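Trainee: Just passing along the structure, written as structure tokens.
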4 protein chains.
Amino acid sequence: MDFNDKQKQIIETAEQLFADRGFEGTSVRDIAEEAGINVAMISYYFGSKEKLLEALFSYRAGDTVQQLEGMIHHKVLAPLEKINLMIDFYINKFQRQQCFFKIMMREQVASQHGVTSGLIQHFKKRNQQLVKQLIQEGQKTGEFSKNIDVPVLMATLIGTTGHLMATQHFYREINHLQEMPDEQFQKLIKKKLSVHLKFLFKAILTHEI
Amino acid sequence: MDFNDKQKQIIETAEQLFADRGFEGTSVRDIAEEAGINVAMISYYFGSKEKLLEALFSYRAGDTVQQLEGMIHHKVLAPLEKINLMIDFYINKFQRQQCFFKIMMREQVASQHGVTSGLIQHFKKRNQQLVKQLIQEGQKTGEFSKNIDVPVLMATLIGTTGHLMATQHFYREINHLQEMPDEQFQKLIKKKLSVHLKFLFKAILTHEI
Amino acid sequence: MDFNDKQKQIIETAEQLFADRGFEGTSVRDIAEEAGINVAMISYYFGSKEKLLEALFSYRAGDTVQQLEGMIHHKVLAPLEKINLMIDFYINKFQRQQCFFKIMMREQVASQHGVTSGLIQHFKKRNQQLVKQLIQEGQKTGEFSKNIDVPVLMATLIGTTGHLMATQHFYREINHLQEMPDEQFQKLIKKKLSVHLKFLFKAILTHEI
Amino acid sequence: MDFNDKQKQIIETAEQLFADRGFEGTSVRDIAEEAGINVAMISYYFGSKEKLLEALFSYRAGDTVQQLEGMIHHKVLAPLEKINLMIDFYINKFQRQQCFFKIMMREQVASQHGVTSGLIQHFKKRNQQLVKQLIQEGQKTGEFSKNIDVPVLMATLIGTTGHLMATQHFYREINHLQEMPDEQFQKLIKKKLSVHLKFLFKAILTHEI
DNA sequence: AATGAATGAGAATTCATTCAT
DNA sequence: TATGAATGAATTCTCATTCAT
């Protein structure tokens, strides 16, 4: 999908507000005001508030899985190294697109009737497919154990990352890091998550315990 | 807090709708209709929609931590066994109160200005305190490794459980379990999570890898 | 259908405005203002603007045909006298409910997709059925000619009455009757139409020409 | 008034939509879309939506009366034959310009404040004048009765024709003619009306009853 | 001459809450 | 204690029109 500059501006403003207040908790007036545009422009460019959300999804989630696929398939790496690559890819995505992932987390919790549930479903399926392949590679070489439950594994990656990101203010507080510059804090949290999740994945996949 | 039967009925109806459609996505009319009561009763009993949400939180989250504390302190168990007890306690809570936890997950993602964020914050702090104590016990006896990051650990427990619970329809679909009776499916998912998380916690806490 | 006083007040206000400005040309704000009530009351009582129009139709057109049937069947009259009774009944209805019939005339012209077209259709069918019976009575006794086209006949009655009523301001002007009190003018126009249409009907039905 | 091709195209598209949905029920966007032109062109060419309606009236109603006058005055015919000519002229006009006459019927019902009411008024006056002359001719020769109410007579012609045309779908249905090709149906209805109205006019004008 | 972008005003409707009883 | 009626504010969206090009 191609969006012009004004559309991008609206989408990005909406993203921040949706992340902060939820889709229903954000009015088109709020978005228009924040973006410094006329309310009618949202209908003009996207048709409706719902279609703006869809546009946001296609803007953000567009090629995430493709990127991941490209990254993993075109490198010559041991299976576990590919898994680690994927872990870092996810953490990075999550961190760079925190607003979008907050929205996704919320939408995921909601009932399955919304406009986004189909998109998320599709996205998740392709992603699980890819991870399954990676794991099967490792199982063929004997490096990985049998009986790996991919959805549970991915729930660990996404659930842990999402939860820590979403509650990072709490993490700061409990560790008395309120004064740390955000850039530094993001690096810290990324490192923490990376080490933690790679350790967990290795434990599960290789069962060396 | 004491709630009479009508209040409980309202709270429980609201809980289901909030879980399904979000707080902002649910109108007091929806709640009143679903609960078979008059719209005015919600303002009458709780003052406002926001205060109904607060009431829901105090109704559900009231003594969770106390229950956990009681359960753990009054048993003579090895540190890891206590940790395992806590893991199962959480999974059980989550599973029995899926609606409430869906709401909490959403609210947690939101900005820190809502009425619930204070309550959640408080709840989380007490809980992390408790886990910290449990871990320190294990560290004293030498069973647990040093340098355990409690918030990251808890993010793993809560994030993974929450994510899997929230996306259970997807888990059913990907494993072709759409026809399985819900009771059986809940048992299955609980067992899966229990084994998975206990394994992860042991790996992290004992570092035997 | 039962309507309370407030509902009747809204319906009657809406009727006048719809007659004057058309359905689409009248806003719920206009109605609310004119009726001296809050805008939200219209949604509250009727659900929507469209349903208000439906309510108006069931309020006005409810038992028109029934009244006519009762009136005609329970009298012992010659066929032509029954026809004359019907003509006067229509003229009277039209005159007493000018606003409503203006709305009906407009809706009748519109495409057949609106909410009212079904109601009008139904109303027209029952009515034509009744007239057909009356005419067949006259045909059995030999008083009326064969080959009477009922829809064309009714188009003459309704079309002529409707047109003259709708353009009565023009009739006043062309006959220099602008100063005549409305009551008197209505009587005049009613008499004119009555004589005119009875003459036409007699001519067509008895073919004495 | 002179209209270029594009203007004519817009006018004719607007005519169809106004006839179907009413003036207020049609948006300039609808017209633009249907006509395959830019929304701004309507304002550009006509100034406003209202002025487009005025343009439509001057486009259609322009020389109708002149045509009728020319037709009647330049023929040497008996008064009743001239009347019959006029009846057919009207039926033909109505049938060939159904959309336009639907609009006129609606506008005629409306309050006398619209942009079109003046135009319609003017048109009607000239027309009644002409008919009056025709009738006076007949009265002078003794062929026509005295005391003919011209507006009532014209209401019969216009009201009956308009009503039958506007409800032709109903006429088809009641006579089980849904499958008849439109061309054939239009001929049928024209013939029916012609015979019917000529009979009625003769009856009234010559009073041979 | 023609148009895509933009807009303020107004549309219908829903909202949480209050009021009178 | 409980509620049907009522309402002002806010919701999303559409409207006819204008502007810059």
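Just so we're on the same page: first chain in the structure tokens is A, next is B, and so on; residues restart at 1 for each chain, and ligands are numbered from 1 in the order they show up.
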List as a PDB file with N, CA and C atoms, in the first residue's frame the protein and nucleic acid residues near region 26-31 of chain D, meaning an atom at most 7 Å away when only C-alpha atoms (C1' of nucleotides) are counted, but skip any in the same chain fewer than 6 places from it.

Mentor:
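Result file part31.pdb:
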ATOM      1  N   THR D  13     -27.701  13.667 -15.721  1.00  0.00           N
ATOM      2  CA  THR D  13     -27.404  12.736 -14.628  1.00  0.00           C
ATOM      3  C   THR D  13     -28.133  13.161 -13.365  1.00  0.00           C
ATOM      4  N   ALA D  14     -28.056  14.436 -13.074  1.00  0.00           N
ATOM      5  CA  ALA D  14     -28.722  14.972 -11.884  1.00  0.00           C
ATOM      6  C   ALA D  14     -30.221  14.698 -11.947  1.00  0.00           C
ATOM      7  N   LEU D  17     -31.044  11.186 -10.886  1.00  0.00           N
ATOM      8  CA  LEU D  17     -30.851  10.959  -9.454  1.00  0.00           C
ATOM      9  C   LEU D  17     -31.885  11.729  -8.630  1.00  0.00           C
ATOM     10  N   PHE D  18     -32.147  12.968  -9.003  1.00  0.00           N
ATOM     11  CA  PHE D  18     -33.163  13.751  -8.296  1.00  0.00           C
ATOM     12  C   PHE D  18     -34.515  13.044  -8.373  1.00  0.00           C
ATOM     13  N   VAL D  39     -16.159  16.447  -8.570  1.00  0.00           N
ATOM     14  CA  VAL D  39     -17.173  17.107  -7.737  1.00  0.00           C
ATOM     15  C   VAL D  39     -17.174  18.605  -7.922  1.00  0.00           C
ATOM     16  N   LYS D  49     -25.570  23.595  -5.962  1.00  0.00           N
ATOM     17  CA  LYS D  49     -26.492  22.485  -6.214  1.00  0.00           C
ATOM     18  C   LYS D  49     -27.882  23.037  -6.545  1.00  0.00           C
TER      19      LYS D  49
END

Trainee: Excluding DA6 (chain E) and residues on its chain fewer than 5 positions from it, collect all residues at most 9 Å away from it, counting only C-alpha atoms (C1' of nucleotides), and give them as a list in words.

Mentor: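 So the residues in contact are Asn38, Ala40 and Met41 of chain A; DT18 and DC19 of chain F.
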
Trainee: Output N, CA, C and O atoms (P, O5', C5', C4', C3', O3' and C1' of nucleotides) for every residue in the selection just made, as a compact mmCIF listing (two decimals), in the first residue's frame.

Mentor:
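What ended up in again_39.txt:
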# COMPACT_ATOMS: atom_id res chain seq x y z
N ASN A 38 -7.71 18.77 9.70
CA ASN A 38 -9.15 18.85 9.84
C ASN A 38 -9.74 17.45 10.07
O ASN A 38 -9.28 16.48 9.49
N ALA A 40 -12.39 16.13 9.04
CA ALA A 40 -12.96 15.51 7.84
C ALA A 40 -11.90 14.81 7.00
O ALA A 40 -12.21 13.91 6.23
N MET A 41 -10.64 15.19 7.21
CA MET A 41 -9.57 14.59 6.41
C MET A 41 -9.43 13.10 6.67
O MET A 41 -9.00 12.36 5.78
P DT F 18 -18.47 28.54 -2.58
O5' DT F 18 -16.92 28.34 -2.22
C5' DT F 18 -16.55 28.36 -0.85
C4' DT F 18 -15.05 28.12 -0.74
C3' DT F 18 -14.21 28.93 -1.72
O3' DT F 18 -13.06 29.39 -1.03
C1' DT F 18 -13.72 26.65 -1.98
P DC F 19 -12.26 30.64 -1.56
O5' DC F 19 -10.77 30.11 -1.46
C5' DC F 19 -10.41 29.14 -0.47
C4' DC F 19 -9.27 28.28 -0.96
C3' DC F 19 -8.34 29.02 -1.93
O3' DC F 19 -7.01 28.87 -1.48
C1' DC F 19 -8.99 26.93 -2.83

Trainee: Could you work out how far CA of Lys202 (chain B) lies from CA of Ile148 (chain A), giving the answer in Å with one decimal?

Mentor: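 CA of Ile148 (chain A) sits 17.8 Å away from CA of Lys202 (chain B).
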
Trainee: Show which residues sit within 10 Å of Ser194 (chain A), as a PyMOL selection string. Count only C-alpha atoms (C1' of nucleotides), and ignore same-chain residues fewer than 3 positions away.

Mentor: chain A and resi 84-85+87-92+157+161+188-191+197-200

Trainee: Return the neighbours of chain B among the residues of chain E, cut-off 10 Å, counting only C-alpha atoms (C1' of nucleotides), as a PyMOL selection string.

Mentor: chain E and resi 14-18

Trainee: Show me, as a PyMOL selection string, the residues of chain C whose atoms get within 9 Å of chain D, using only C-alpha atoms for the distance check.

Mentor: chain C and resi 19-25+102-103+105-112+121+124-125+149+151-167+169-171+174+192-193+196+199-200+203-204+207-209

Trainee: Generate a file of the selected residues that holds C-alpha atoms, formatted as a compact mmCIF listing (two decimals), in the first residue's frame.

Mentor:
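Below you can see part-v3.txt, which holds the result:
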# COMPACT_ATOMS: atom_id res chain seq x y z
CA ALA C 19 -44.76 17.57 4.36
CA ASP C 20 -43.21 20.98 3.97
CA ARG C 21 -39.56 20.18 3.38
CA GLY C 22 -39.51 16.49 2.55
CA PHE C 23 -38.05 13.71 4.63
CA GLU C 24 -34.47 14.27 3.58
CA GLY C 25 -34.91 18.01 3.76
CA LYS C 102 -48.22 15.19 0.91
CA ILE C 103 -45.61 12.92 2.40
CA MET C 105 -47.36 11.59 -2.56
CA ARG C 106 -43.69 12.33 -2.40
CA GLU C 107 -42.72 8.90 -1.18
CA GLN C 108 -44.79 7.35 -3.91
CA VAL C 109 -42.78 9.15 -6.54
CA ALA C 110 -39.49 8.00 -5.07
CA SER C 111 -37.66 4.83 -6.00
CA GLN C 112 -39.00 1.63 -4.55
CA GLN C 121 -47.89 -0.74 -1.71
CA LYS C 124 -52.86 0.56 -2.18
CA LYS C 125 -53.48 -3.10 -2.86
CA ASP C 149 -59.76 -0.20 -15.35
CA PRO C 151 -56.03 1.45 -11.26
CA VAL C 152 -56.71 4.15 -13.84
CA LEU C 153 -59.91 5.06 -12.08
CA MET C 154 -58.17 5.33 -8.73
CA ALA C 155 -55.36 7.32 -10.29
CA THR C 156 -58.01 9.80 -11.33
CA LEU C 157 -59.43 10.03 -7.82
CA ILE C 158 -56.14 10.18 -5.98
CA GLY C 159 -54.17 12.06 -8.61
CA THR C 160 -56.76 14.80 -9.06
CA THR C 161 -57.45 15.21 -5.35
CA GLY C 162 -53.77 15.15 -4.46
CA HIS C 163 -52.80 17.57 -7.16
CA LEU C 164 -55.47 20.10 -6.34
CA MET C 165 -54.78 19.89 -2.62
CA ALA C 166 -51.06 20.21 -3.15
CA THR C 167 -51.46 23.24 -5.39
CA HIS C 169 -52.28 28.09 -3.04
CA PHE C 170 -52.23 28.32 -6.82
CA TYR C 171 -55.98 27.66 -6.98
CA ILE C 174 -55.85 32.12 -9.92
CA LYS C 192 -65.73 21.29 -6.05
CA LEU C 193 -63.79 18.05 -5.95
CA HIS C 196 -66.32 16.92 -10.13
CA PHE C 199 -69.54 13.32 -12.14
CA LEU C 200 -66.45 11.72 -13.66
CA ALA C 203 -69.58 9.00 -16.52
CA ILE C 204 -66.98 6.26 -16.56
CA HIS C 207 -70.87 5.09 -19.73
CA GLU C 208 -73.95 7.16 -20.43
CA ILE C 209 -72.26 9.23 -23.01

Trainee: Name the residues of region 5-182 of chain C that come out as alpha helix (DSSP H) in a backbone DSSP run; write them as a PDB file with C-alpha atoms, in the first residue's frame.

Mentor:
ATOM      1  CA  ASP C   5     -48.479  11.964  24.258  1.00  0.00           C
ATOM      2  CA  LYS C   6     -44.869  12.953  23.726  1.00  0.00           C
ATOM      3  CA  GLN C   7     -44.504  10.500  20.901  1.00  0.00           C
ATOM      4  CA  LYS C   8     -47.658  11.813  19.266  1.00  0.00           C
ATOM      5  CA  GLN C   9     -46.356  15.341  19.617  1.00  0.00           C
ATOM      6  CA  ILE C  10     -43.102  14.393  17.921  1.00  0.00           C
ATOM      7  CA  ILE C  11     -44.878  12.481  15.175  1.00  0.00           C
ATOM      8  CA  GLU C  12     -47.203  15.358  14.441  1.00  0.00           C
ATOM      9  CA  THR C  13     -44.410  17.898  14.364  1.00  0.00           C
ATOM     10  CA  ALA C  14     -42.388  15.653  12.100  1.00  0.00           C
ATOM     11  CA  GLU C  15     -45.398  15.218   9.849  1.00  0.00           C
ATOM     12  CA  GLN C  16     -45.703  18.939   9.248  1.00  0.00           C
ATOM     13  CA  LEU C  17     -42.021  19.375   8.550  1.00  0.00           C
ATOM     14  CA  PHE C  18     -41.758  16.308   6.328  1.00  0.00           C
ATOM     15  CA  ALA C  19     -44.764  17.572   4.357  1.00  0.00           C
ATOM     16  CA  ASP C  20     -43.211  20.979   3.975  1.00  0.00           C
ATOM     17  CA  ARG C  21     -39.558  20.180   3.381  1.00  0.00           C
ATOM     18  CA  VAL C  28     -33.990  15.735  13.429  1.00  0.00           C
ATOM     19  CA  ARG C  29     -32.713  18.974  14.877  1.00  0.00           C
ATOM     20  CA  ASP C  30     -35.475  20.852  13.060  1.00  0.00           C
ATOM     21  CA  ILE C  31     -38.081  18.476  14.438  1.00  0.00           C
ATOM     22  CA  ALA C  32     -36.713  18.659  17.957  1.00  0.00           C
ATOM     23  CA  GLU C  33     -36.567  22.424  17.899  1.00  0.00           C
ATOM     24  CA  GLU C  34     -40.070  22.768  16.468  1.00  0.00           C
ATOM     25  CA  ALA C  35     -41.477  20.274  18.955  1.00  0.00           C
ATOM     26  CA  VAL C  39     -32.767  16.013  19.849  1.00  0.00           C
ATOM     27  CA  ALA C  40     -31.862  12.822  21.613  1.00  0.00           C
ATOM     28  CA  MET C  41     -35.519  12.149  22.383  1.00  0.00           C
ATOM     29  CA  ILE C  42     -36.202  11.219  18.797  1.00  0.00           C
ATOM     30  CA  SER C  43     -33.652   8.451  18.889  1.00  0.00           C
ATOM     31  CA  TYR C  44     -34.836   7.596  22.378  1.00  0.00           C
ATOM     32  CA  TYR C  45     -38.454   7.144  21.375  1.00  0.00           C
ATOM     33  CA  PHE C  46     -38.191   5.942  17.815  1.00  0.00           C
ATOM     34  CA  LYS C  49     -35.278   9.185  11.852  1.00  0.00           C
ATOM     35  CA  GLU C  50     -36.357   6.439   9.456  1.00  0.00           C
ATOM     36  CA  LYS C  51     -38.243   4.619  12.173  1.00  0.00           C
ATOM     37  CA  LEU C  52     -39.953   7.879  13.038  1.00  0.00           C
ATOM     38  CA  LEU C  53     -41.263   7.956   9.481  1.00  0.00           C
ATOM     39  CA  GLU C  54     -42.466   4.389   9.844  1.00  0.00           C
ATOM     40  CA  ALA C  55     -44.151   5.310  13.102  1.00  0.00           C
ATOM     41  CA  LEU C  56     -45.829   8.204  11.343  1.00  0.00           C
ATOM     42  CA  PHE C  57     -47.149   5.840   8.692  1.00  0.00           C
ATOM     43  CA  SER C  58     -48.525   3.354  11.183  1.00  0.00           C
ATOM     44  CA  TYR C  59     -49.985   6.271  13.173  1.00  0.00           C
ATOM     45  CA  ARG C  60     -51.801   7.733  10.188  1.00  0.00           C
ATOM     46  CA  THR C  64     -57.791   3.950   6.898  1.00  0.00           C
ATOM     47  CA  VAL C  65     -58.816   1.045   4.716  1.00  0.00           C
ATOM     48  CA  GLN C  66     -60.590  -0.656   7.603  1.00  0.00           C
ATOM     49  CA  GLN C  67     -62.611   2.494   8.210  1.00  0.00           C
ATOM     50  CA  LEU C  68     -63.542   2.637   4.565  1.00  0.00           C
ATOM     51  CA  GLU C  69     -64.487  -1.040   4.494  1.00  0.00           C
ATOM     52  CA  GLY C  70     -66.635  -0.751   7.587  1.00  0.00           C
ATOM     53  CA  MET C  71     -68.333   2.329   6.231  1.00  0.00           C
ATOM     54  CA  ILE C  72     -69.210   0.806   2.906  1.00  0.00           C
ATOM     55  CA  HIS C  73     -70.102  -2.746   3.857  1.00  0.00           C
ATOM     56  CA  PRO C  79     -73.456   0.629  -5.976  1.00  0.00           C
ATOM     57  CA  LEU C  80     -73.060   4.153  -7.281  1.00  0.00           C
ATOM     58  CA  GLU C  81     -73.983   5.564  -3.905  1.00  0.00           C
ATOM     59  CA  LYS C  82     -71.256   3.445  -2.338  1.00  0.00           C
ATOM     60  CA  ILE C  83     -68.795   4.752  -4.904  1.00  0.00           C
ATOM     61  CA  ASN C  84     -69.831   8.291  -4.038  1.00  0.00           C
ATOM     62  CA  LEU C  85     -69.380   7.504  -0.380  1.00  0.00           C
ATOM     63  CA  MET C  86     -65.876   6.328  -1.108  1.00  0.00           C
ATOM     64  CA  ILE C  87     -65.070   9.449  -3.127  1.00  0.00           C
ATOM     65  CA  ASP C  88     -66.127  11.680  -0.246  1.00  0.00           C
ATOM     66  CA  PHE C  89     -64.294   9.508   2.238  1.00  0.00           C
ATOM     67  CA  TYR C  90     -61.088   9.964   0.261  1.00  0.00           C
ATOM     68  CA  ILE C  91     -61.507  13.670  -0.212  1.00  0.00           C
ATOM     69  CA  ASN C  92     -62.173  14.072   3.486  1.00  0.00           C
ATOM     70  CA  LYS C  93     -59.206  11.947   4.507  1.00  0.00           C
ATOM     71  CA  PHE C  94     -56.995  13.872   2.151  1.00  0.00           C
ATOM     72  CA  GLN C  95     -58.210  17.171   3.412  1.00  0.00           C
ATOM     73  CA  ARG C  96     -57.995  16.379   7.092  1.00  0.00           C
ATOM     74  CA  GLN C  98     -53.074  17.002   4.101  1.00  0.00           C
ATOM     75  CA  CYS C  99     -49.622  16.850   5.603  1.00  0.00           C
ATOM     76  CA  PHE C 100     -49.589  13.095   5.712  1.00  0.00           C
ATOM     77  CA  PHE C 101     -50.818  12.763   2.155  1.00  0.00           C
ATOM     78  CA  LYS C 102     -48.224  15.192   0.909  1.00  0.00           C
ATOM     79  CA  ILE C 103     -45.612  12.922   2.404  1.00  0.00           C
ATOM     80  CA  MET C 104     -47.239   9.904   0.831  1.00  0.00           C
ATOM     81  CA  MET C 105     -47.356  11.591  -2.559  1.00  0.00           C
ATOM     82  CA  ARG C 106     -43.694  12.334  -2.402  1.00  0.00           C
ATOM     83  CA  GLU C 107     -42.721   8.901  -1.182  1.00  0.00           C
ATOM     84  CA  GLN C 108     -44.793   7.351  -3.906  1.00  0.00           C
ATOM     85  CA  VAL C 109     -42.777   9.148  -6.545  1.00  0.00           C
ATOM     86  CA  VAL C 115     -38.893   2.051   4.111  1.00  0.00           C
ATOM     87  CA  THR C 116     -42.316   3.381   3.195  1.00  0.00           C
ATOM     88  CA  SER C 117     -42.748   1.915  -0.264  1.00  0.00           C
ATOM     89  CA  GLY C 118     -43.768  -1.458   1.145  1.00  0.00           C
ATOM     90  CA  LEU C 119     -46.353   0.110   3.431  1.00  0.00           C
ATOM     91  CA  ILE C 120     -47.808   2.229   0.647  1.00  0.00           C
ATOM     92  CA  GLN C 121     -47.892  -0.742  -1.705  1.00  0.00           C
ATOM     93  CA  HIS C 122     -49.788  -2.806   0.847  1.00  0.00           C
ATOM     94  CA  PHE C 123     -52.206   0.020   1.509  1.00  0.00           C
ATOM     95  CA  LYS C 124     -52.863   0.558  -2.178  1.00  0.00           C
ATOM     96  CA  LYS C 125     -53.481  -3.104  -2.864  1.00  0.00           C
ATOM     97  CA  ARG C 126     -56.084  -3.534  -0.156  1.00  0.00           C
ATOM     98  CA  ASN C 127     -57.758  -0.376  -1.311  1.00  0.00           C
ATOM     99  CA  GLN C 128     -57.903  -1.385  -4.971  1.00  0.00           C
ATOM    100  CA  GLN C 129     -59.310  -4.758  -3.906  1.00  0.00           C
ATOM    101  CA  LEU C 130     -62.126  -3.022  -2.125  1.00  0.00           C
ATOM    102  CA  VAL C 131     -62.961  -0.740  -5.036  1.00  0.00           C
ATOM    103  CA  LYS C 132     -62.856  -3.708  -7.398  1.00  0.00           C
ATOM    104  CA  GLN C 133     -65.495  -5.422  -5.265  1.00  0.00           C
ATOM    105  CA  LEU C 134     -67.698  -2.336  -5.264  1.00  0.00           C
ATOM    106  CA  ILE C 135     -67.509  -2.081  -9.015  1.00  0.00           C
ATOM    107  CA  GLN C 136     -68.199  -5.772  -9.495  1.00  0.00           C
ATOM    108  CA  GLU C 137     -71.370  -5.344  -7.412  1.00  0.00           C
ATOM    109  CA  GLY C 138     -72.518  -2.656  -9.824  1.00  0.00           C
ATOM    110  CA  GLN C 139     -71.563  -4.758 -12.797  1.00  0.00           C
ATOM    111  CA  LYS C 140     -73.660  -7.691 -11.536  1.00  0.00           C
ATOM    112  CA  VAL C 150     -59.615   0.142 -11.569  1.00  0.00           C
ATOM    113  CA  PRO C 151     -56.030   1.451 -11.261  1.00  0.00           C
ATOM    114  CA  VAL C 152     -56.706   4.152 -13.842  1.00  0.00           C
ATOM    115  CA  LEU C 153     -59.913   5.062 -12.076  1.00  0.00           C
ATOM    116  CA  MET C 154     -58.174   5.326  -8.729  1.00  0.00           C
ATOM    117  CA  ALA C 155     -55.357   7.316 -10.288  1.00  0.00           C
ATOM    118  CA  THR C 156     -58.013   9.803 -11.325  1.00  0.00           C
ATOM    119  CA  LEU C 157     -59.425  10.030  -7.822  1.00  0.00           C
ATOM    120  CA  ILE C 158     -56.142  10.179  -5.977  1.00  0.00           C
ATOM    121  CA  GLY C 159     -54.174  12.063  -8.606  1.00  0.00           C
ATOM    122  CA  THR C 160     -56.759  14.798  -9.059  1.00  0.00           C
ATOM    123  CA  THR C 161     -57.445  15.214  -5.352  1.00  0.00           C
ATOM    124  CA  GLY C 162     -53.774  15.149  -4.460  1.00  0.00           C
ATOM    125  CA  HIS C 163     -52.799  17.570  -7.157  1.00  0.00           C
ATOM    126  CA  LEU C 164     -55.469  20.098  -6.336  1.00  0.00           C
ATOM    127  CA  MET C 165     -54.784  19.887  -2.618  1.00  0.00           C
ATOM    128  CA  ALA C 166     -51.055  20.214  -3.150  1.00  0.00           C
ATOM    129  CA  GLN C 168     -54.294  24.907  -3.502  1.00  0.00           C
ATOM    130  CA  HIS C 169     -52.282  28.094  -3.041  1.00  0.00           C
ATOM    131  CA  PHE C 170     -52.232  28.316  -6.823  1.00  0.00           C
ATOM    132  CA  TYR C 171     -55.978  27.664  -6.985  1.00  0.00           C
ATOM    133  CA  ARG C 172     -56.544  30.490  -4.532  1.00  0.00           C
ATOM    134  CA  GLU C 173     -54.376  32.853  -6.518  1.00  0.00           C
ATOM    135  CA  ILE C 174     -55.847  32.122  -9.925  1.00  0.00           C
ATOM    136  CA  ASP C 182     -59.126  28.848   5.174  1.00  0.00           C
TER     137      ASP C 182
END

Trainee: Compute the set of chain F residues within 8 Å of chain A, using only C-alpha atoms (C1' of nucleotides), and express it as a PyMOL selection string.

Mentor: chain F and resi 11-13

Trainee: Hey, can you check how far CA of Asp63 (chain A) sits from CA of Gln178 (chain B)?

Mentor: 29.4 Å
